[in-house]
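Q: I'm passing along work.cif; it holds mmCIF, N, CA, C and O atoms.
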```cif
data_my_file
loop_
_atom_site.label_atom_id
_atom_site.label_comp_id
_atom_site.auth_asym_id
_atom_site.auth_seq_id
_atom_site.Cartn_x
_atom_site.Cartn_y
_atom_site.Cartn_z
N MET A 239 88.04 92.58 81.34
CA MET A 239 89.06 91.95 82.16
C MET A 239 88.93 90.44 82.06
O MET A 239 87.84 89.91 82.10
N ASN A 240 90.05 89.80 81.97
CA ASN A 240 90.09 88.35 81.85
C ASN A 240 90.30 87.73 83.24
O ASN A 240 91.39 87.85 83.81
N PRO A 241 89.29 87.06 83.81
CA PRO A 241 89.44 86.49 85.15
C PRO A 241 90.47 85.37 85.23
O PRO A 241 91.02 85.11 86.31
N ASP A 242 90.79 84.71 84.12
CA ASP A 242 91.79 83.65 84.14
C ASP A 242 93.19 84.19 84.45
O ASP A 242 94.06 83.45 84.91
N LYS A 243 93.38 85.48 84.20
CA LYS A 243 94.67 86.11 84.46
C LYS A 243 95.01 86.10 85.95
O LYS A 243 96.18 86.14 86.33
N TYR A 244 94.01 86.04 86.79
CA TYR A 244 94.20 86.16 88.23
C TYR A 244 94.21 84.82 88.96
O TYR A 244 94.29 84.79 90.17
N ASN A 245 94.12 83.72 88.23
CA ASN A 245 94.19 82.41 88.86
C ASN A 245 95.61 82.14 89.35
O ASN A 245 96.57 82.40 88.64
N ARG A 246 95.71 81.64 90.56
CA ARG A 246 97.01 81.32 91.13
C ARG A 246 96.97 79.96 91.81
O ARG A 246 95.95 79.54 92.32
N ASN A 247 98.09 79.29 91.81
CA ASN A 247 98.28 78.08 92.61
C ASN A 247 99.25 78.44 93.71
O ASN A 247 100.38 78.87 93.44
N VAL A 248 98.83 78.27 94.94
CA VAL A 248 99.67 78.58 96.09
C VAL A 248 100.19 77.26 96.63
O VAL A 248 99.42 76.38 97.01
N SER A 249 101.50 77.11 96.66
CA SER A 249 102.11 75.89 97.20
C SER A 249 102.09 75.96 98.71
O SER A 249 102.57 76.92 99.30
N LEU A 250 101.52 74.94 99.32
CA LEU A 250 101.51 74.85 100.77
C LEU A 250 102.80 74.16 101.21
O LEU A 250 103.22 73.17 100.62
N LEU A 251 103.43 74.71 102.23
CA LEU A 251 104.71 74.19 102.70
C LEU A 251 104.57 73.63 104.11
O LEU A 251 103.81 74.15 104.92
N CYS A 252 105.33 72.60 104.38
CA CYS A 252 105.38 72.03 105.73
C CYS A 252 106.05 73.06 106.64
O CYS A 252 107.14 73.53 106.34
N PRO A 253 105.42 73.42 107.77
CA PRO A 253 106.03 74.41 108.66
C PRO A 253 107.27 73.88 109.38
O PRO A 253 108.09 74.66 109.87
N THR A 254 107.46 72.58 109.40
CA THR A 254 108.61 71.99 110.07
C THR A 254 109.85 71.99 109.17
O THR A 254 110.91 72.46 109.56
N CYS A 255 109.71 71.46 107.96
CA CYS A 255 110.88 71.29 107.09
C CYS A 255 110.84 72.11 105.80
O CYS A 255 111.82 72.21 105.10
N GLY A 256 109.68 72.70 105.45
CA GLY A 256 109.58 73.52 104.25
C GLY A 256 109.31 72.73 102.98
O GLY A 256 109.30 73.29 101.89
N CYS A 257 109.08 71.44 103.09
CA CYS A 257 108.81 70.60 101.92
C CYS A 257 107.41 70.92 101.38
O CYS A 257 106.50 71.26 102.11
N SER A 258 107.24 70.79 100.07
CA SER A 258 105.95 71.09 99.47
C SER A 258 105.25 69.82 98.95
O SER A 258 104.23 69.92 98.27
N GLU A 259 105.79 68.66 99.27
CA GLU A 259 105.18 67.41 98.82
C GLU A 259 104.51 66.70 99.99
O GLU A 259 105.12 66.51 101.04
N PHE A 260 103.25 66.34 99.77
CA PHE A 260 102.46 65.71 100.82
C PHE A 260 101.73 64.50 100.27
O PHE A 260 101.41 64.44 99.09
N SER A 261 101.44 63.56 101.15
CA SER A 261 100.53 62.47 100.80
C SER A 261 99.34 62.63 101.73
O SER A 261 99.45 63.21 102.81
N TYR A 262 98.18 62.17 101.28
CA TYR A 262 97.01 62.35 102.13
C TYR A 262 96.09 61.15 102.07
O TYR A 262 96.08 60.41 101.09
N GLU A 263 95.36 60.97 103.15
CA GLU A 263 94.36 59.92 103.24
C GLU A 263 93.01 60.61 103.42
O GLU A 263 92.87 61.48 104.27
N GLU A 264 92.05 60.22 102.60
CA GLU A 264 90.73 60.83 102.71
C GLU A 264 89.95 60.20 103.84
O GLU A 264 89.93 58.99 104.00
N GLY A 265 89.33 61.05 104.64
CA GLY A 265 88.48 60.58 105.72
C GLY A 265 87.03 60.67 105.30
O GLY A 265 86.70 60.87 104.13
N VAL A 266 86.15 60.53 106.26
CA VAL A 266 84.72 60.62 105.99
C VAL A 266 84.34 62.03 105.57
O VAL A 266 83.54 62.23 104.68
N ASP A 267 84.95 63.01 106.22
CA ASP A 267 84.66 64.42 105.96
C ASP A 267 85.92 65.06 105.38
O ASP A 267 87.03 64.66 105.70
N GLU A 268 85.77 66.09 104.54
CA GLU A 268 86.94 66.74 103.94
C GLU A 268 87.86 67.35 104.99
O GLU A 268 89.06 67.39 104.82
N SER A 269 87.29 67.86 106.09
CA SER A 269 88.12 68.51 107.11
C SER A 269 88.91 67.49 107.94
O SER A 269 89.81 67.85 108.68
N ILE A 270 88.59 66.20 107.82
CA ILE A 270 89.27 65.16 108.59
C ILE A 270 90.43 64.55 107.79
O ILE A 270 91.14 63.69 108.28
N GLN A 271 90.65 64.99 106.57
CA GLN A 271 91.74 64.44 105.76
C GLN A 271 93.06 64.58 106.51
O GLN A 271 93.38 65.63 107.04
N VAL A 272 93.83 63.51 106.54
CA VAL A 272 95.15 63.52 107.18
C VAL A 272 96.19 63.72 106.09
O VAL A 272 96.26 62.94 105.13
N VAL A 273 96.98 64.78 106.24
CA VAL A 273 98.02 65.12 105.28
C VAL A 273 99.36 64.82 105.94
O VAL A 273 99.60 65.24 107.06
N THR A 274 100.23 64.09 105.24
CA THR A 274 101.53 63.72 105.79
C THR A 274 102.64 64.30 104.91
O THR A 274 102.62 64.13 103.69
N CYS A 275 103.58 64.98 105.53
CA CYS A 275 104.72 65.55 104.81
C CYS A 275 105.58 64.40 104.29
O CYS A 275 105.88 63.45 105.01
N ALA A 276 105.99 64.49 103.04
CA ALA A 276 106.80 63.43 102.43
C ALA A 276 108.22 63.42 102.97
O ALA A 276 108.88 62.39 102.97
N SER A 277 108.69 64.55 103.49
CA SER A 277 110.06 64.62 103.97
C SER A 277 110.20 64.27 105.45
O SER A 277 110.93 63.36 105.81
N CYS A 278 109.47 64.99 106.32
CA CYS A 278 109.63 64.77 107.76
C CYS A 278 108.53 63.90 108.37
O CYS A 278 108.57 63.59 109.56
N GLU A 279 107.55 63.54 107.57
CA GLU A 279 106.44 62.67 107.96
C GLU A 279 105.57 63.25 109.07
O GLU A 279 104.92 62.53 109.81
N ARG A 280 105.55 64.56 109.22
CA ARG A 280 104.65 65.21 110.18
C ARG A 280 103.24 65.13 109.63
O ARG A 280 103.01 65.30 108.44
N GLU A 281 102.28 64.89 110.49
CA GLU A 281 100.88 64.75 110.07
C GLU A 281 100.08 65.98 110.49
O GLU A 281 100.25 66.51 111.58
N PHE A 282 99.20 66.41 109.59
CA PHE A 282 98.31 67.54 109.81
C PHE A 282 96.93 67.13 109.34
O PHE A 282 96.80 66.22 108.53
N ASN A 283 95.91 67.88 109.74
CA ASN A 283 94.66 67.79 108.99
C ASN A 283 94.68 68.96 108.01
O ASN A 283 95.54 69.84 108.09
N LYS A 284 93.77 68.97 107.09
CA LYS A 284 93.76 69.95 106.01
C LYS A 284 93.68 71.38 106.55
O LYS A 284 94.40 72.27 106.09
N ASP A 285 92.83 71.60 107.55
CA ASP A 285 92.66 72.94 108.12
C ASP A 285 93.93 73.44 108.80
O ASP A 285 94.27 74.62 108.70
N GLU A 286 94.65 72.56 109.50
CA GLU A 286 95.90 72.94 110.16
C GLU A 286 96.94 73.37 109.13
O GLU A 286 97.65 74.37 109.34
N LEU A 287 97.04 72.64 108.05
CA LEU A 287 98.02 72.97 107.01
C LEU A 287 97.70 74.33 106.38
O LEU A 287 98.60 75.14 106.17
N ILE A 288 96.44 74.59 106.13
CA ILE A 288 96.04 75.89 105.57
C ILE A 288 96.33 77.00 106.58
O ILE A 288 96.84 78.06 106.22
N ARG A 289 96.02 76.76 107.84
CA ARG A 289 96.27 77.77 108.89
C ARG A 289 97.77 78.05 109.02
O ARG A 289 98.18 79.19 109.16
N GLU A 290 98.60 77.02 108.94
CA GLU A 290 100.05 77.19 109.04
C GLU A 290 100.62 77.97 107.85
O GLU A 290 101.65 78.61 107.96
N ASN A 291 99.93 77.92 106.71
CA ASN A 291 100.38 78.62 105.51
C ASN A 291 99.60 79.91 105.26
O ASN A 291 99.65 80.46 104.16
N SER A 292 98.89 80.40 106.25
CA SER A 292 98.02 81.57 106.08
C SER A 292 98.80 82.81 105.65
O SER A 292 98.31 83.61 104.86
N GLU A 293 100.02 82.98 106.13
CA GLU A 293 100.82 84.15 105.76
C GLU A 293 101.14 84.12 104.26
O GLU A 293 101.03 85.14 103.57
N ASN A 294 101.52 82.96 103.75
CA ASN A 294 101.82 82.79 102.33
C ASN A 294 100.56 83.02 101.49
O ASN A 294 100.60 83.70 100.46
N ILE A 295 99.44 82.49 101.93
CA ILE A 295 98.17 82.65 101.22
C ILE A 295 97.76 84.12 101.20
O ILE A 295 97.36 84.65 100.16
N ASP A 296 97.90 84.80 102.34
CA ASP A 296 97.54 86.22 102.42
C ASP A 296 98.42 87.08 101.52
O ASP A 296 97.94 88.05 100.92
N GLU A 297 99.68 86.73 101.39
CA GLU A 297 100.59 87.47 100.52
C GLU A 297 100.17 87.35 99.05
O GLU A 297 100.14 88.33 98.31
N HIS A 298 99.83 86.14 98.64
CA HIS A 298 99.35 85.94 97.26
C HIS A 298 98.04 86.68 97.03
O HIS A 298 97.85 87.28 95.97
N LEU A 299 97.17 86.66 98.01
CA LEU A 299 95.89 87.36 97.90
C LEU A 299 96.10 88.86 97.76
O LEU A 299 95.45 89.51 96.94
N SER A 300 97.03 89.40 98.51
CA SER A 300 97.29 90.83 98.43
C SER A 300 97.88 91.21 97.06
O SER A 300 97.54 92.26 96.51
N GLU A 301 98.73 90.37 96.49
CA GLU A 301 99.25 90.62 95.14
C GLU A 301 98.13 90.63 94.11
O GLU A 301 98.10 91.48 93.21
N ILE A 302 97.22 89.68 94.22
CA ILE A 302 96.10 89.59 93.28
C ILE A 302 95.21 90.82 93.41
O ILE A 302 94.76 91.38 92.41
N LYS A 303 94.97 91.26 94.64
CA LYS A 303 94.14 92.46 94.86
C LYS A 303 94.75 93.67 94.18
O LYS A 303 94.05 94.47 93.56
N LYS A 304 96.08 93.83 94.30
CA LYS A 304 96.76 94.96 93.67
C LYS A 304 96.61 94.90 92.15
O LYS A 304 96.34 95.91 91.50
N GLU A 305 96.78 93.72 91.57
CA GLU A 305 96.66 93.56 90.12
C GLU A 305 95.24 93.86 89.65
O GLU A 305 95.05 94.54 88.64
N VAL A 306 94.25 93.34 90.37
CA VAL A 306 92.85 93.57 89.99
C VAL A 306 92.52 95.05 90.07
O VAL A 306 91.89 95.61 89.15
N THR A 307 92.94 95.72 91.14
CA THR A 307 92.67 97.14 91.30
C THR A 307 93.30 97.95 90.17
O THR A 307 92.66 98.83 89.59
N LYS A 308 94.56 97.65 89.86
CA LYS A 308 95.26 98.37 88.79
C LYS A 308 94.58 98.14 87.43
O LYS A 308 94.34 99.09 86.67
N ASP A 309 94.25 96.89 87.14
CA ASP A 309 93.62 96.57 85.86
C ASP A 309 92.21 97.16 85.76
O ASP A 309 91.80 97.62 84.70
N PHE A 310 91.48 97.16 86.87
CA PHE A 310 90.14 97.72 86.87
C PHE A 310 90.19 99.23 86.63
O PHE A 310 89.41 99.77 85.84
N ALA A 311 91.12 99.92 87.27
CA ALA A 311 91.27 101.37 87.07
C ALA A 311 91.61 101.68 85.62
O ALA A 311 91.07 102.62 85.03
N ALA A 312 92.50 100.89 85.03
CA ALA A 312 92.87 101.10 83.63
C ALA A 312 91.68 100.85 82.71
O ALA A 312 91.45 101.59 81.74
N GLU A 313 90.88 99.83 83.02
CA GLU A 313 89.70 99.51 82.22
C GLU A 313 88.66 100.63 82.29
O GLU A 313 88.08 101.02 81.28
N VAL A 314 88.42 101.16 83.49
CA VAL A 314 87.46 102.26 83.65
C VAL A 314 87.95 103.51 82.93
O VAL A 314 87.18 104.18 82.25
N ARG A 315 89.23 103.81 83.08
CA ARG A 315 89.81 104.98 82.40
C ARG A 315 89.66 104.85 80.88
O ARG A 315 89.27 105.80 80.20
N LYS A 316 89.96 103.68 80.36
CA LYS A 316 89.84 103.43 78.92
C LYS A 316 88.39 103.58 78.46
O LYS A 316 88.11 104.18 77.42
N SER A 317 87.48 103.06 79.25
CA SER A 317 86.05 103.15 78.92
C SER A 317 85.56 104.60 78.93
O SER A 317 84.81 105.01 78.04
N LEU A 318 85.99 105.36 79.94
CA LEU A 318 85.57 106.78 80.00
C LEU A 318 86.18 107.59 78.86
O LEU A 318 85.53 108.46 78.30
N LYS A 319 87.43 107.31 78.52
CA LYS A 319 88.06 108.01 77.39
C LYS A 319 87.28 107.76 76.11
O LYS A 319 87.04 108.67 75.32
N LYS A 320 86.90 106.52 75.92
CA LYS A 320 86.15 106.16 74.72
C LYS A 320 84.78 106.82 74.71
O LYS A 320 84.33 107.32 73.68
N ALA A 321 84.12 106.86 75.87
CA ALA A 321 82.78 107.44 75.95
C ALA A 321 82.79 108.94 75.71
O ALA A 321 81.86 109.48 75.10
N PHE A 322 83.82 109.63 76.17
CA PHE A 322 83.86 111.09 76.05
C PHE A 322 84.88 111.56 75.02
O PHE A 322 85.31 112.72 75.05
N SER A 323 85.25 110.73 74.08
CA SER A 323 86.29 111.09 73.12
C SER A 323 85.87 112.23 72.19
O SER A 323 86.72 112.98 71.74
N GLY A 324 84.60 112.41 71.94
CA GLY A 324 84.15 113.47 71.03
C GLY A 324 83.89 114.80 71.72
O GLY A 324 83.63 115.81 71.07
N SER A 325 83.95 114.87 73.02
CA SER A 325 83.65 116.08 73.77
C SER A 325 84.85 117.02 73.82
O SER A 325 85.97 116.60 74.08
N LYS A 326 84.60 118.31 73.60
CA LYS A 326 85.66 119.30 73.65
C LYS A 326 85.93 119.75 75.09
O LYS A 326 87.01 120.23 75.40
N ASN A 327 84.94 119.63 75.97
CA ASN A 327 85.04 120.17 77.32
C ASN A 327 85.65 119.20 78.34
O ASN A 327 86.03 119.62 79.42
N ILE A 328 85.72 117.92 78.01
CA ILE A 328 86.25 116.94 78.95
C ILE A 328 87.56 116.39 78.40
O ILE A 328 87.62 115.92 77.28
N ARG A 329 88.61 116.48 79.24
CA ARG A 329 89.92 115.99 78.83
C ARG A 329 90.46 115.05 79.89
O ARG A 329 90.23 115.22 81.08
N PHE A 330 91.21 114.07 79.44
CA PHE A 330 91.84 113.10 80.34
C PHE A 330 93.34 113.23 80.24
O PHE A 330 93.89 113.44 79.17
N LYS A 331 94.00 113.11 81.38
CA LYS A 331 95.46 113.15 81.41
C LYS A 331 96.01 111.76 81.46
O LYS A 331 95.46 110.86 81.93
#
```
Could you spell out this file's structure in structure tokens?

A:
Amino acid sequence: MNPDKYNRNVSLLCPTCGCSEFSYEEGVDESIQVVTCASCEREFNKDELIRENSENIDEHLSEIKKEVTKDFAAEVRKSLKKAFSGSKNIRFK
């Protein structure tokens, strides 16, 4: 399985206007970064923006889980077929 196949970029959206463009100022700590929406100029910290987009993030995560599960099952099936290909008593559908 190729792990690069499952890399995703999730666009974070402003919960007020839906814009995906932000400017940010770095603080002393990463969690103190102030993120400002380019459209409505609403300010968030990084954690608030992630929390506001948690539904979108969870949806992408669930899609990736389905793909990984499907690909893993196919990989195991292929491996077992190859391992038992010479046996007369074991058959795969």

Q: To one decimal in Å, tell me the separation between atom CA of A:Arg280 and atom CA of A:Asn294.

A: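 Between atom CA of A:Arg280 and atom CA of A:Asn294 the gap is 19.5 Å.
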
Q: What do you get, as a PyMOL selection string, if you spell out every residue that the PyMOL selection byres ((chain A and resi 275) around 7) selects here?

A: chain A and resi 252+257+259-261+273-274+276-282

Q: Could you tell me how far atom O of A:Glu297 lies from atom C of A:Pro241, in Å and to one decimal?

A: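 Atom C of A:Pro241 lies 16.5 Å from atom O of A:Glu297.
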
Q: Using only C-alpha atoms, find the one residue out of A:Glu305, A:His298, A:Ser317, A:Ser323 that sits nearest to A:Arg246.

A: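 Nearest candidate to A:Arg246 out of A:Glu305, A:His298, A:Ser317, A:Ser323: A:His298.
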
Q: Step one, run DSSP on the backbone; step two, keep only residues of chain A assigned to strand (DSSP E or B); then write them as a list in words.

A: Phe260, Ser261, Tyr262, Glu263, Val272, Val273, Thr274, Cys275, Glu281, Phe282 and Asn283 of chain A
